[in-house]
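Enquirer: A single structure is presented below for examination.
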Amino acid sequence: MTLAPNGAAVNEHSSADVVIDRLGKRYGPEWAGVQAVADVDLTIASGEFVAVVGASGCGKSTVLRILAGFEPATSGSISVGGRPVTGPAPERGVVFQDYGLFPWLTVRENVAYGPRRRRLPKVRAAELADRFIETVGLSRFAEKYPGQLSGGMQQRVAIARVLANEPQVLLMDEPFGALDALTRSDLQTELKRIHVETKTTVVFVTHSIEEAVFLADRVVVMTGGASHGVPGHISRIVTIDLPGERDITGPEFNEYKREISDLVHAVAGHV
């Protein structure tokens, strides 16, 4: 272990490179199916935060599910830390919009569930649970049940539960989409802080261009999809050259928003 600038413990092996090579996904037979995505190439550096944006149906969630190991690719490959992705694995933690917490378990028990399933000693599982409950700011609520928490607090628990598995890559599919604007903003700031602290590689799918620019080192713009008659694919990757403390009202921030919005909507036929 090493220490982050704030004194928190950081796992030295908590992140990994992600290499997506000519990834394709087809649903159904060759003669009658739908090519959801095609020729997706992307390399994500260890510790990088990458957001993926695009109109509905462009394939961004499909790519994330394949990266998570929840469904196989039709062509191409994905590797994490040099190892091919062939199915779900603890080194790839996933956070969805639906919190997916066990309502009969307390916050501490929910967060400790993964480490216990990995057969870690009870004391170590408890240490990990307490560490990441503290990381997401919920130490006072460790003995509460999910039904006693707000939606934003439940999503914090979901993030802590994934982090307690010490994943190399954190995959997030619209994790804040169901939250009110103020809670969403608070959790975006919290996620940035957690990313700085843990150095975990993050792949974050969102419909919100502002959220992508606020959080990411790079924004991957996907276009196409079945409704547009072409497979989903990466049309542009935009590097966000802004400081960690980002002002959503600033001119540079909003220039990135306009650039990415133009890219998303031009191919959708709206401009």
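Identifiers in the structure tokens: chain A, B, ... in order shown; residue index from 1 per chain; ligand index from 1 in order shown.
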I want to know what sits within 8 Å of region 34-38 of chain A, based on only C-alpha atoms, with residues of the same chain fewer than 3 positions away left out; could you give that as a PyMOL selection string?

Expert: chain A and resi 22-28+58-59+62-63+225-226+230-233

Enquirer: Can you pull out every residue within 8 Å of Ser15 (chain A), counting only C-alpha atoms, but drop anything in the same chain fewer than 6 positions away, and send it as a PDB file with C-alpha atoms, in the first residue's frame?

Expert:
```pdb
ATOM      1  CA  SER A  46      -4.163   2.935 -16.255  1.00  0.00           C
ATOM      2  CA  GLY A  47      -5.788   5.384 -13.853  1.00  0.00           C
ATOM      3  CA  PRO A 167     -11.291  -3.467  -8.928  1.00  0.00           C
ATOM      4  CA  GLN A 168      -8.715  -2.498 -11.514  1.00  0.00           C
ATOM      5  CA  VAL A 169     -11.447  -0.878 -13.614  1.00  0.00           C
ATOM      6  CA  LYS A 199      -6.391   6.029  -9.001  1.00  0.00           C
ATOM      7  CA  THR A 200      -8.793   3.405 -10.374  1.00  0.00           C
ATOM      8  CA  THR A 201      -9.360   3.346 -14.133  1.00  0.00           C
TER       9      THR A 201
END
```

Enquirer: Go through region 74-246 of chain A and collect every residue that DSSP, computed from the backbone, puts in helix (DSSP H, G or I); the answer should be as a PyMOL selection string.

Expert: chain A and resi 107-117+122-135+139-141+146-148+151-163+181-198+209-215+226-228

Enquirer: So which one's closest to Ser150 (chain A), A:Asp262, A:Asp180, A:Glu166, A:Glu134? Using only C-alpha atoms, please.

Expert: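 Closest candidate: A:Asp180.
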
Enquirer: Name the residues of region 70-230 of chain A that come out as strand (DSSP E or B) in a backbone DSSP run; write them as a ChimeraX atom specification.

Expert: /A:75-80,83-84,92-96,169-173,201-205,218-225,230

Enquirer: Please dump the current selection as a tab-separated table (two decimals), in the first residue's frame; keep N, CA and C atoms.

Expert:
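Produced file part.tsv, reproduced below:
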```tsv
chain	number	residue	atom	x	y	z
A	75	SER	N	-16.96	-9.86	-32.69
A	75	SER	CA	-15.65	-9.77	-33.33
A	75	SER	C	-14.77	-8.84	-32.51
A	76	GLY	N	-13.46	-8.92	-32.77
A	76	GLY	CA	-12.52	-8.10	-32.03
A	76	GLY	C	-12.28	-8.62	-30.63
A	77	SER	N	-11.66	-7.80	-29.80
A	77	SER	CA	-11.29	-8.26	-28.46
A	77	SER	C	-11.18	-7.10	-27.50
A	78	ILE	N	-11.24	-7.43	-26.19
A	78	ILE	CA	-10.99	-6.48	-25.11
A	78	ILE	C	-10.05	-7.15	-24.12
A	79	SER	N	-9.05	-6.40	-23.68
A	79	SER	CA	-8.18	-6.89	-22.62
A	79	SER	C	-8.07	-5.85	-21.53
A	80	VAL	N	-7.89	-6.31	-20.30
A	80	VAL	CA	-7.70	-5.45	-19.13
A	80	VAL	C	-6.42	-5.90	-18.44
A	83	ARG	N	-4.89	-9.02	-19.92
A	83	ARG	CA	-5.64	-10.28	-19.89
A	83	ARG	C	-6.94	-10.13	-20.66
A	84	PRO	N	-7.26	-11.08	-21.54
A	84	PRO	CA	-8.50	-10.96	-22.31
A	84	PRO	C	-9.73	-11.05	-21.43
A	92	ARG	N	-13.16	-6.03	-12.57
A	92	ARG	CA	-14.00	-5.07	-13.29
A	92	ARG	C	-15.29	-4.89	-12.51
A	93	GLY	N	-15.36	-3.79	-11.75
A	93	GLY	CA	-16.54	-3.51	-10.95
A	93	GLY	C	-17.52	-2.65	-11.73
A	94	VAL	N	-18.82	-2.93	-11.56
A	94	VAL	CA	-19.84	-2.24	-12.35
A	94	VAL	C	-20.84	-1.55	-11.42
A	95	VAL	N	-21.13	-0.28	-11.73
A	95	VAL	CA	-22.15	0.48	-11.01
A	95	VAL	C	-23.21	0.89	-12.03
A	96	PHE	N	-24.47	0.49	-11.78
A	96	PHE	CA	-25.58	0.82	-12.67
A	96	PHE	C	-26.41	1.96	-12.09
A	169	VAL	N	-10.67	-1.76	-12.75
A	169	VAL	CA	-11.45	-0.88	-13.61
A	169	VAL	C	-12.84	-0.72	-13.02
A	170	LEU	N	-13.30	0.52	-12.93
A	170	LEU	CA	-14.64	0.82	-12.46
A	170	LEU	C	-15.49	1.21	-13.67
A	171	LEU	N	-16.54	0.42	-13.93
A	171	LEU	CA	-17.43	0.64	-15.07
A	171	LEU	C	-18.74	1.22	-14.55
A	172	MET	N	-19.17	2.34	-15.11
A	172	MET	CA	-20.35	3.03	-14.60
A	172	MET	C	-21.28	3.35	-15.75
A	173	ASP	N	-22.52	2.83	-15.67
A	173	ASP	CA	-23.51	3.01	-16.74
A	173	ASP	C	-24.63	3.91	-16.24
A	201	THR	N	-8.93	3.04	-12.77
A	201	THR	CA	-9.36	3.35	-14.13
A	201	THR	C	-10.89	3.38	-14.17
A	202	VAL	N	-11.48	4.41	-14.79
A	202	VAL	CA	-12.93	4.55	-14.82
A	202	VAL	C	-13.40	4.69	-16.26
A	203	VAL	N	-14.43	3.91	-16.61
A	203	VAL	CA	-15.15	4.07	-17.87
A	203	VAL	C	-16.59	4.41	-17.51
A	204	PHE	N	-17.04	5.59	-17.91
A	204	PHE	CA	-18.29	6.18	-17.42
A	204	PHE	C	-19.19	6.49	-18.60
A	205	VAL	N	-20.31	5.79	-18.73
A	205	VAL	CA	-21.27	6.03	-19.80
A	205	VAL	C	-22.33	7.01	-19.31
A	218	ARG	N	-10.80	12.23	-20.86
A	218	ARG	CA	-11.15	12.21	-22.29
A	218	ARG	C	-12.62	11.84	-22.42
A	219	VAL	N	-13.26	12.38	-23.45
A	219	VAL	CA	-14.65	12.06	-23.76
A	219	VAL	C	-14.70	11.37	-25.11
A	220	VAL	N	-15.22	10.14	-25.10
A	220	VAL	CA	-15.38	9.35	-26.33
A	220	VAL	C	-16.79	9.60	-26.87
A	221	VAL	N	-16.88	10.09	-28.09
A	221	VAL	CA	-18.17	10.37	-28.71
A	221	VAL	C	-18.53	9.22	-29.64
A	222	MET	N	-19.63	8.53	-29.34
A	222	MET	CA	-20.11	7.45	-30.19
A	222	MET	C	-21.31	7.93	-30.99
A	223	THR	N	-21.36	7.52	-32.24
A	223	THR	CA	-22.48	7.87	-33.12
A	223	THR	C	-22.92	6.63	-33.87
A	224	GLY	N	-23.99	6.79	-34.65
A	224	GLY	CA	-24.52	5.66	-35.39
A	224	GLY	C	-25.53	4.89	-34.56
A	225	GLY	N	-25.71	3.63	-34.91
A	225	GLY	CA	-26.72	2.80	-34.27
A	225	GLY	C	-27.76	2.37	-35.27
A	230	VAL	N	-26.40	2.68	-39.58
A	230	VAL	CA	-24.98	2.30	-39.53
A	230	VAL	C	-24.67	1.80	-38.13
```

Enquirer: For Ala178 (chain A), which residue out of A:Glu252, A:Asp98, A:Glu71, A:Asp130 is the nearest one, using only C-alpha atoms?

Expert: A:Asp98

Enquirer: Any idea what the distance is between CA of Phe214 (chain A) and CA of Asp186 (chain A)?

Expert: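 So the two atoms, CA of Phe214 (chain A) and CA of Asp186 (chain A), lie 12.1 Å apart.
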
Enquirer: Considering only C-alpha atoms, can you say which of A:Pro115, A:Gly69, A:Pro121, A:Pro175 comes closest to Ala158 (chain A)?

Expert: A:Pro175

Enquirer: Let me make sure I understand: among A:Val162, A:Ile209, A:Ile237, A:Ala16, which one has the smallest atom-to-atom distance to Tyr99 (chain A) if we use only C-alpha atoms?

Expert: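 So, comparing all the options, the nearest one is A:Val162.
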
Enquirer: Would you kindly return, as a ChimeraX atom specification, each protein, DNA or RNA residue with an atom no farther than 9 Å from any atom of Gln188 (chain A), considering only C-alpha atoms and excluding same-chain residues fewer than 6 positions away?

Expert: /A:176,211,214-215

Enquirer: Can you pull out the residues contacting Leu179 (chain A)? Cut-off 10 Å, using only C-alpha atoms, and skip same-chain residues under 6 positions away; I want them as a ChimeraX atom specification.

Expert: /A:97,150-152,155,185,187
